[in-house]
Each structure stands twice: as C-alpha cells, then as structure tokens.
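Raw work.tsv, TSV, C-alpha atoms:
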```
chain	number	residue	atom	x	y	z
A	1375	MET	CA	347.33	151.62	175.50
A	1376	ALA	CA	346.34	154.29	172.97
A	1377	ALA	CA	349.39	153.52	170.85
A	1378	ILE	CA	348.51	149.83	170.88
A	1379	THR	CA	344.93	150.51	169.88
A	1380	ARG	CA	345.98	152.73	167.01
A	1381	LEU	CA	348.38	150.11	165.70
A	1382	VAL	CA	345.90	147.25	165.82
A	1383	LYS	CA	343.07	149.21	164.24
A	1384	ARG	CA	345.27	150.36	161.42
A	1385	THR	CA	346.82	146.98	160.66
A	1386	PRO	CA	345.56	146.23	157.14
A	1387	TYR	CA	344.03	143.00	155.92
A	1388	LEU	CA	346.27	143.00	152.85
A	1389	PRO	CA	350.03	143.52	152.43
A	1390	CYS	CA	351.49	146.93	153.33
A	1391	ALA	CA	351.34	146.72	157.14
A	1392	ALA	CA	354.69	148.48	157.31
A	1393	ARG	CA	353.37	151.74	155.94
A	1394	PHE	CA	351.38	152.33	159.13
A	1395	LEU	CA	354.48	152.22	161.31
A	1396	SER	CA	356.05	155.41	160.02
A	1397	ASN	CA	355.11	158.47	158.04
A	1398	ALA	CA	357.49	157.54	155.26
A	1399	PRO	CA	356.06	155.57	152.32
A	1400	PRO	CA	357.27	151.94	152.13
A	1401	GLN	CA	359.89	150.96	149.60
A	1402	LYS	CA	358.03	147.77	148.86
A	1403	GLU	CA	354.59	146.51	149.79
A	1404	ARG	CA	354.56	143.47	152.03
A	1405	ASN	CA	352.33	141.48	154.32
A	1406	VAL	CA	352.24	141.54	158.13
A	1407	GLN	CA	355.39	140.86	160.15
A	1408	TRP	CA	354.15	139.81	163.57
A	1409	VAL	CA	355.47	138.09	166.69
A	1410	PHE	CA	353.44	135.83	168.97
A	1411	LEU	CA	354.54	135.62	172.60
A	1412	GLY	CA	353.08	133.70	175.53
A	1413	CYS	CA	354.05	131.24	178.22
A	1414	PRO	CA	354.52	127.53	177.45
A	1415	GLY	CA	351.23	125.79	176.78
A	1416	VAL	CA	349.17	128.94	176.16
A	1417	GLY	CA	348.56	128.04	172.49
A	1418	LYS	CA	350.93	130.34	170.56
A	1419	GLY	CA	351.47	127.77	167.83
A	1420	THR	CA	347.76	127.06	167.43
A	1421	TYR	CA	346.68	130.68	167.00
A	1422	ALA	CA	349.76	131.74	165.02
A	1423	SER	CA	349.21	128.87	162.60
A	1424	ARG	CA	345.55	129.77	162.13
A	1425	LEU	CA	346.40	133.40	161.43
A	1426	CYS	CA	349.13	132.39	158.98
A	1427	ASN	CA	346.63	130.31	157.03
A	1428	LEU	CA	344.18	133.20	157.04
A	1429	LEU	CA	346.69	135.87	155.97
A	1430	GLY	CA	348.80	133.72	153.66
A	1431	VAL	CA	352.08	134.24	155.51
A	1432	PRO	CA	354.60	131.65	156.77
A	1433	HIS	CA	354.53	130.42	160.36
A	1434	ILE	CA	358.11	130.47	161.68
A	1435	ALA	CA	358.99	128.77	164.97
A	1436	THR	CA	362.66	128.78	165.94
A	1437	GLY	CA	362.34	125.28	167.42
A	1438	ASP	CA	361.32	124.00	163.99
A	1439	LEU	CA	364.31	125.78	162.43
A	1440	VAL	CA	366.69	124.06	164.85
A	1441	ARG	CA	365.13	120.63	164.24
A	1442	SER	CA	365.25	121.16	160.48
A	1443	GLU	CA	368.92	122.12	160.59
A	1444	LEU	CA	369.74	119.11	162.79
A	1445	ALA	CA	368.08	116.80	160.25
A	1446	SER	CA	370.02	118.33	157.36
A	1447	ASN	CA	373.65	118.42	156.34
A	1448	GLY	CA	373.67	122.18	156.68
A	1449	PRO	CA	376.66	124.19	157.88
A	1450	LEU	CA	375.39	124.37	161.47
A	1451	SER	CA	374.06	120.82	161.85
A	1452	SER	CA	377.16	119.29	163.45
A	1453	GLN	CA	377.58	122.25	165.82
A	1454	LEU	CA	373.92	122.11	166.81
A	1455	SER	CA	374.09	118.36	167.34
A	1456	GLU	CA	376.96	118.79	169.78
A	1457	ILE	CA	375.13	121.54	171.67
A	1458	VAL	CA	371.90	119.54	171.95
A	1459	ASN	CA	373.68	116.33	172.96
A	1460	GLN	CA	375.44	118.20	175.76
A	1461	GLY	CA	372.14	119.66	176.96
A	1462	LYS	CA	373.27	123.24	176.38
A	1463	LEU	CA	371.18	126.17	175.17
A	1464	VAL	CA	371.46	127.16	171.53
A	1465	SER	CA	373.17	130.57	171.36
A	1466	ASP	CA	371.45	133.73	170.14
A	1467	GLU	CA	373.96	133.93	167.30
A	1468	ILE	CA	373.02	130.50	165.95
A	1469	ILE	CA	369.28	131.14	166.33
A	1470	MET	CA	369.58	134.47	164.50
A	1471	SER	CA	371.69	132.86	161.79
A	1472	LEU	CA	369.00	130.23	161.20
A	1473	LEU	CA	366.22	132.84	161.30
A	1474	SER	CA	368.03	135.24	158.95
A	1475	LYS	CA	368.58	132.39	156.48
A	1476	ARG	CA	364.91	131.38	156.71
A	1477	LEU	CA	363.75	134.95	156.06
A	1478	ALA	CA	366.17	135.34	153.13
A	1479	ASP	CA	365.10	132.01	151.61
A	1480	GLY	CA	361.46	133.01	151.98
A	1481	GLU	CA	362.03	136.36	150.31
A	1482	ALA	CA	363.85	134.64	147.44
A	1483	LYS	CA	360.80	132.39	146.96
A	1484	GLY	CA	358.49	135.39	146.90
A	1485	GLU	CA	357.10	135.05	150.42
A	1486	SER	CA	355.69	138.21	151.93
A	1487	GLY	CA	355.47	138.70	155.67
A	1488	PHE	CA	355.60	136.16	158.51
A	1489	ILE	CA	354.49	135.37	162.03
A	1490	LEU	CA	357.25	134.43	164.46
A	1491	ASP	CA	356.16	131.94	167.11
A	1492	GLY	CA	357.70	132.36	170.57
A	1493	PHE	CA	360.66	134.48	169.50
A	1494	PRO	CA	362.32	136.67	170.73
A	1495	ARG	CA	362.55	135.41	174.33
A	1496	THR	CA	365.16	137.81	175.69
A	1497	ILE	CA	365.99	141.51	175.36
A	1498	LYS	CA	369.19	140.62	173.50
A	1499	GLN	CA	367.24	138.57	170.97
A	1500	ALA	CA	364.70	141.40	170.56
A	1501	GLU	CA	367.47	143.91	169.93
A	1502	ILE	CA	369.20	141.66	167.40
A	1503	LEU	CA	365.88	140.97	165.65
A	1504	GLU	CA	365.20	144.71	165.44
A	1505	GLY	CA	368.42	145.07	163.47
A	1506	VAL	CA	367.48	142.25	161.10
A	1507	THR	CA	363.87	143.03	160.18
A	1508	ASP	CA	360.91	145.26	161.05
A	1509	ILE	CA	358.27	143.91	163.44
A	1510	ASP	CA	354.82	145.48	163.07
A	1511	LEU	CA	352.99	143.96	166.01
A	1512	VAL	CA	353.69	141.70	169.00
A	1513	VAL	CA	350.71	139.70	170.28
A	1514	ASN	CA	351.16	138.51	173.87
A	1515	LEU	CA	348.72	135.70	174.64
A	1516	LYS	CA	347.68	135.32	178.27
A	1517	ILE	CA	345.51	132.89	180.18
A	1518	GLN	CA	344.58	132.35	183.82
A	1519	GLU	CA	347.36	130.45	185.60
A	1520	GLU	CA	344.94	127.83	186.94
A	1521	ALA	CA	343.75	127.05	183.41
A	1522	LEU	CA	347.28	127.09	182.02
A	1523	LEU	CA	348.51	124.59	184.61
A	1524	ALA	CA	345.59	122.28	183.87
A	1525	LYS	CA	346.28	122.57	180.12
A	1526	CYS	CA	349.95	121.68	180.54
A	1527	LEU	CA	349.20	118.72	182.79
A	1528	GLY	CA	346.50	117.51	180.38
A	1529	ARG	CA	348.76	117.34	177.34
A	1530	ARG	CA	349.02	113.93	175.71
A	1531	ILE	CA	350.82	112.63	172.63
A	1532	CYS	CA	349.88	109.58	170.54
A	1533	ASN	CA	352.99	107.41	170.43
A	1534	GLN	CA	351.91	106.01	167.08
A	1535	CYS	CA	350.75	108.94	164.93
A	1536	GLY	CA	352.47	111.73	166.90
A	1537	GLY	CA	349.22	113.69	167.29
A	1538	ASN	CA	348.90	116.21	170.13
A	1539	PHE	CA	345.80	116.10	172.33
A	1540	ASN	CA	344.62	117.41	175.68
A	1541	VAL	CA	342.47	115.50	178.16
A	1542	ALA	CA	341.93	118.42	180.54
A	1543	SER	CA	338.32	119.53	181.00
A	1544	ILE	CA	338.62	123.00	182.48
A	1545	SER	CA	335.82	124.79	184.32
A	1546	ILE	CA	336.75	127.80	186.44
A	1547	LYS	CA	334.12	129.80	188.27
A	1548	GLY	CA	334.25	133.56	188.04
A	1549	GLU	CA	334.85	135.33	191.34
A	1550	ASN	CA	336.11	138.63	192.74
A	1551	GLY	CA	335.85	140.29	189.34
A	1552	ARG	CA	337.72	137.50	187.58
A	1553	PRO	CA	335.76	136.02	184.67
A	1554	GLY	CA	334.93	132.34	184.59
A	1555	MET	CA	336.41	130.05	181.97
A	1556	VAL	CA	335.35	126.81	180.32
A	1557	MET	CA	337.64	124.83	178.01
A	1558	ALA	CA	336.61	121.51	176.56
A	1559	PRO	CA	339.20	118.72	176.19
A	1560	LEU	CA	340.80	118.01	172.83
A	1561	LEU	CA	340.29	114.27	172.75
A	1562	PRO	CA	341.92	111.90	170.26
A	1563	PRO	CA	340.07	109.57	167.90
A	1564	ALA	CA	339.22	106.17	169.34
A	1565	HIS	CA	342.16	104.38	167.69
A	1566	CYS	CA	344.64	106.72	169.44
A	1567	MET	CA	343.07	106.59	172.91
A	1568	SER	CA	345.07	103.58	174.14
A	1569	LYS	CA	348.32	104.95	172.73
A	1570	LEU	CA	348.44	108.27	174.59
A	1571	VAL	CA	351.58	109.13	176.53
A	1572	THR	CA	352.52	112.06	178.75
A	1573	ARG	CA	355.67	114.11	178.26
A	1574	SER	CA	358.21	113.29	180.96
A	1575	ASP	CA	358.53	116.98	181.86
A	1576	ASP	CA	354.79	117.59	182.18
A	1577	THR	CA	354.67	117.26	185.96
A	1578	GLU	CA	353.16	119.94	188.20
A	1579	GLU	CA	356.53	120.82	189.76
A	1580	VAL	CA	358.31	121.12	186.42
A	1581	VAL	CA	355.48	123.04	184.75
A	1582	LYS	CA	355.29	125.58	187.60
A	1583	GLU	CA	359.05	126.12	187.46
A	1584	ARG	CA	358.90	126.49	183.67
A	1585	LEU	CA	356.19	129.14	184.02
A	1586	ARG	CA	358.12	130.97	186.73
A	1587	ILE	CA	361.25	131.17	184.58
A	1588	TYR	CA	359.24	132.29	181.57
A	1589	SER	CA	357.53	135.05	183.54
A	1590	GLU	CA	360.86	136.28	184.86
A	1591	LYS	CA	362.45	136.43	181.41
A	1592	SER	CA	359.44	137.60	179.42
A	1593	GLN	CA	358.63	140.79	181.32
A	1594	PRO	CA	361.62	142.77	179.93
A	1595	VAL	CA	360.76	141.62	176.38
A	1596	GLU	CA	357.14	142.68	176.83
A	1597	GLU	CA	358.28	146.08	178.10
A	1598	PHE	CA	360.69	146.36	175.16
A	1599	TYR	CA	357.80	146.18	172.70
A	1600	ARG	CA	355.34	148.04	174.92
A	1601	SER	CA	357.67	151.03	174.96
A	1602	ARG	CA	357.65	150.98	171.15
A	1603	GLY	CA	353.85	150.91	170.97
A	1604	LYS	CA	353.85	147.46	169.37
A	1605	LEU	CA	352.53	145.21	172.14
A	1606	LEU	CA	348.96	143.86	172.12
A	1607	GLU	CA	348.07	141.92	175.28
A	1608	PHE	CA	345.27	139.43	174.64
A	1609	ASP	CA	343.62	137.44	177.44
A	1610	LEU	CA	342.26	134.16	176.12
A	1611	PRO	CA	338.65	133.89	177.35
A	1612	GLY	CA	338.44	130.12	176.83
A	1613	GLY	CA	339.17	127.50	174.20
A	1614	ILE	CA	339.44	128.03	170.45
A	1615	PRO	CA	335.66	128.47	169.83
A	1616	GLU	CA	335.53	131.33	172.36
A	1617	SER	CA	338.98	132.85	171.78
A	1618	TRP	CA	339.41	132.78	167.98
A	1619	PRO	CA	336.58	135.23	167.10
A	1620	LYS	CA	337.67	137.64	169.85
A	1621	LEU	CA	341.30	137.49	168.72
A	1622	LEU	CA	340.23	138.32	165.16
A	1623	GLN	CA	338.25	141.29	166.49
A	1624	ALA	CA	341.24	142.50	168.50
A	1625	LEU	CA	343.37	142.32	165.35
A	1626	ASN	CA	340.65	143.96	163.22
A	1627	LEU	CA	340.50	140.82	161.08
A	1628	TYR	CA	337.00	139.55	161.81
A	1629	ASP	CA	335.47	140.92	158.60
A	1630	TYR	CA	338.51	139.69	156.67
A	1631	GLU	CA	337.85	136.08	157.65
A	1632	GLU	CA	334.22	136.43	156.51
A	1633	LYS	CA	335.35	137.84	153.16
A	1634	GLN	CA	337.84	135.02	152.73
A	1635	SER	CA	335.14	132.44	153.47
A	1636	VAL	CA	332.83	133.99	150.88
A	1637	ALA	CA	335.63	134.09	148.30
A	1638	ALA	CA	336.42	130.42	148.92
```
Just give me the structure of the file as structure tokens.
Amino acid sequence: MAAITRLVKRTPYLPCAARFLSNAPPQKERNVQWVFLGCPGVGKGTYASRLCNLLGVPHIATGDLVRSELASNGPLSSQLSEIVNQGKLVSDEIIMSLLSKRLADGEAKGESGFILDGFPRTIKQAEILEGVTDIDLVVNLKIQEEALLAKCLGRRICNQCGGNFNVASISIKGENGRPGMVMAPLLPPAHCMSKLVTRSDDTEEVVKERLRIYSEKSQPVEEFYRSRGKLLEFDLPGGIPESWPKLLQALNLYDYEEKQSVAA
C-alpha cells in the first residue's frame, strides 16, 4: 500500500509522469500513461473519458479499435470480420497490433500520454503491453456487487439515437461495517423514453456469469501490477456526483480540476 500511495501522490498534473517511476531522468517529457480496470458495468469508460478530457490525453478502448478496424479497409479488417462472424475471441496478437498502431499514430500526431480502458485483461496481455510501452498507474475501479448487478440490469439503449441510459435507482443500506450507497438513475430525455431497449445479454444469469469470469481472470492481472507498485484500488462510493471528487482526490488531481476551471 505504501508503494501505491507514493506513486499516486507523486503523479504530476502536467506531463512528465514517467520521471517518478525511476531514478533516471526521462528522455522525453510526456503526459500520464494510465490503465483503467474494473468489472463490466462499473463505469471504466465514464471515468476514463472524464479524466482524459481533464488531462488532455486520448481515451483508448480496445473494443473501439476493433470496431474501427472492422469498418475500415485496413490490413486486419477481413481477418477480424471472419473472427467476429465465427464468434471467436480476437487474439492477443491482433489486439496488440491494433494498439501498437494506435499509439504510434498518436505519437506521430503529437499526442502525449493516454488512458487505456479495460486493457490488459490477462497476464499475457499485461506482459506484452509492458514490452510495448511504460504504464505509470493502474486504477482498479470497484463497486459493491449488489449495486453492480442493479446497474447492469438497469442499462438501456435508445434504439433511435443510440444513447446509453440507466433506469436503476439504487439505495443500499449500510450494515456490518459496509457503507451504504445511493445512486440515482440516468434517465433519458422524454423523446427517448418510449424507444428504450435492453441488451439481450443483460439478464441476471448472464450478468452474474460475466462477473464471475471477470473476477477469475482479473485477479492475476491485479496482482501483476500490485507487485510492481502500480495498482490503485478505488471503491466507488456512489454515482458520479459522489465518486468523481473522491477519485480526483485519490489521484491528487482535485486542485488541478479547480485550476483548469479557473483558466477556462
């Protein structure tokens, strides 16, 4: 825990995060290079995207990279199409090829830093990633299982605009030392209300199995980064209004957001 605390407190607001990870001076200043982990439905994309906007770094989700390649005439599009159509998993090699290309393209455009969303998911992926680029910090988002299940079952999509919403109103009483939790629903505008649909795989049985598999596979990855002093475990205390300020404090970025607001 001490190693984690030192890393978080010394993560800078501006580029140069790498210089705090070793005693050697960096060859080139850069912005943060972080990973966001967490089980399906916890809100990785939401918080990663907010931090990317705050820090001015790209938000990279491997699912988006796969979809982008499928929609293009890129060198891997036909191979990916065949894999997806057959219901197979995309190999680590293809994922890393797409990610390496995205990082190289970003560097060529002058991008500095990134936040990876939901990757790596296995020890093999973590080891390959370690050989491709430096990771400064891994934020592992957690939430009470009861709240997570309710969130997943409350997800809705507007079949017209494609917007993502959540109809779950979560209120969990604190007991036996466990804190209570309140999360308000994320309701759609009136014109979307009648067009909401539920994902076919958002059933209680499927969601529980998805969470079980994730927990089984994620523990070795968490230990991989914990052993390197790079893992920050963050328990979400509620919805965005409650969690966002506390996450900024945990990352030593609370004052930075205030300064950015004043500058704007």
What lies within 9 Å of Arg1573 in chain A using only C-alpha atoms, ignoring chain neighbours under 5 positions off, as a short mmCIF file (atom, residue, chain, number, x, y, z; two decimals) with C-alpha atoms, keeping the file's coordinate frame?
```
data_model
loop_
_atom_site.label_atom_id
_atom_site.label_comp_id
_atom_site.auth_asym_id
_atom_site.auth_seq_id
_atom_site.Cartn_x
_atom_site.Cartn_y
_atom_site.Cartn_z
CA ARG A 1529 348.76 117.34 177.34
CA ARG A 1530 349.02 113.93 175.71
CA ILE A 1531 350.82 112.63 172.63
#
```
Next on the checklist: Neighbouring residues of Leu1621 in chain A were defined as those with any atom within 9 Å, considering all atoms listed in the file; residues of the same chain fewer than 4 positions away were excluded. Please report them as a PyMOL selection string.
Outcome noted: chain A and resi 1421+1608+1610+1617+1625-1628
Legend entry - Nearby residues (only C-alpha atoms) at most 6 Å from range 1504-1510 of chain A, same-chain spacing under 2 positions excluded, as number ranges by chain: A: 1407-1408, 1501-1502
Same residues, C-alpha atoms, saved as a PDB file, in the coordinates of the input:
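part_30.pdb, written as the output of this step:
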```pdb
ATOM      1  CA  GLN A1407     355.390 140.860 160.150  1.00  0.00           C
ATOM      2  CA  TRP A1408     354.150 139.810 163.570  1.00  0.00           C
ATOM      3  CA  GLU A1501     367.470 143.910 169.930  1.00  0.00           C
ATOM      4  CA  ILE A1502     369.200 141.660 167.400  1.00  0.00           C
TER       5      ILE A1502
END
```
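With distances restricted to all atoms listed in the file, A:Lys1569 is the closest residue to Phe1539 in chain A from A:Lys1591, A:Arg1552, A:Lys1462, A:Lys1569.
The residue that comes closest to Lys1498 in chain A, out of A:Cys1566, A:Ser1465, A:Pro1553, A:Ala1435 and on the basis of all atoms listed in the file, is A:Ser1465.
Comparing A:Ser1545, A:Gln1623, A:Thr1496, A:Ser1451 by their smallest distance to Glu1597 in chain A, the closest is A:Thr1496 (using all atoms listed in the file).
Minimum distance to Leu1515 in chain A across A:Ser1474, A:Thr1577, A:Ser1601, A:Ser1592 (counting all atoms listed in the file) occurs at A:Ser1592.
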Can you pull out every residue within 9 Å of Tyr1588 in chain A, counting all atoms listed in the file, but drop anything in the same chain fewer than 4 positions away, and send it as a PDB file with C-alpha atoms, in the frame of the given file?
```pdb
ATOM      1  CA  GLY A1412     353.080 133.700 175.530  1.00  0.00           C
ATOM      2  CA  CYS A1413     354.050 131.240 178.220  1.00  0.00           C
ATOM      3  CA  PRO A1414     354.520 127.530 177.450  1.00  0.00           C
ATOM      4  CA  ARG A1495     362.550 135.410 174.330  1.00  0.00           C
ATOM      5  CA  GLU A1583     359.050 126.120 187.460  1.00  0.00           C
ATOM      6  CA  ARG A1584     358.900 126.490 183.670  1.00  0.00           C
ATOM      7  CA  SER A1592     359.440 137.600 179.420  1.00  0.00           C
ATOM      8  CA  GLN A1593     358.630 140.790 181.320  1.00  0.00           C
TER       9      GLN A1593
END
```
Need the neighbours of (348.7, 132.5, 161.6): which residues are at most 10 Å away, counting all atoms listed in the file, as a PyMOL selection string?
chain A and resi 1408+1410+1418-1434+1488-1491
- Message: List the spatial neighbours of Lys1547 in chain A as a list in words - criterion: any atom at most 12 Å away, only C-alpha atoms, same-chain residues fewer than 4 positions off excluded.
- Response: Gln1518, Glu1520, Ala1521, Gly1551, Arg1552, Pro1553, Gly1554, Met1555, Val1556 and Met1557 of chain A
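Relative to CA of Leu1444 in chain A, CA of Val1595 in chain A is found at 27.8 Å.
Distance-wise, CA of Val1409 in chain A and CA of Pro1615 in chain A end up 22.2 Å apart.
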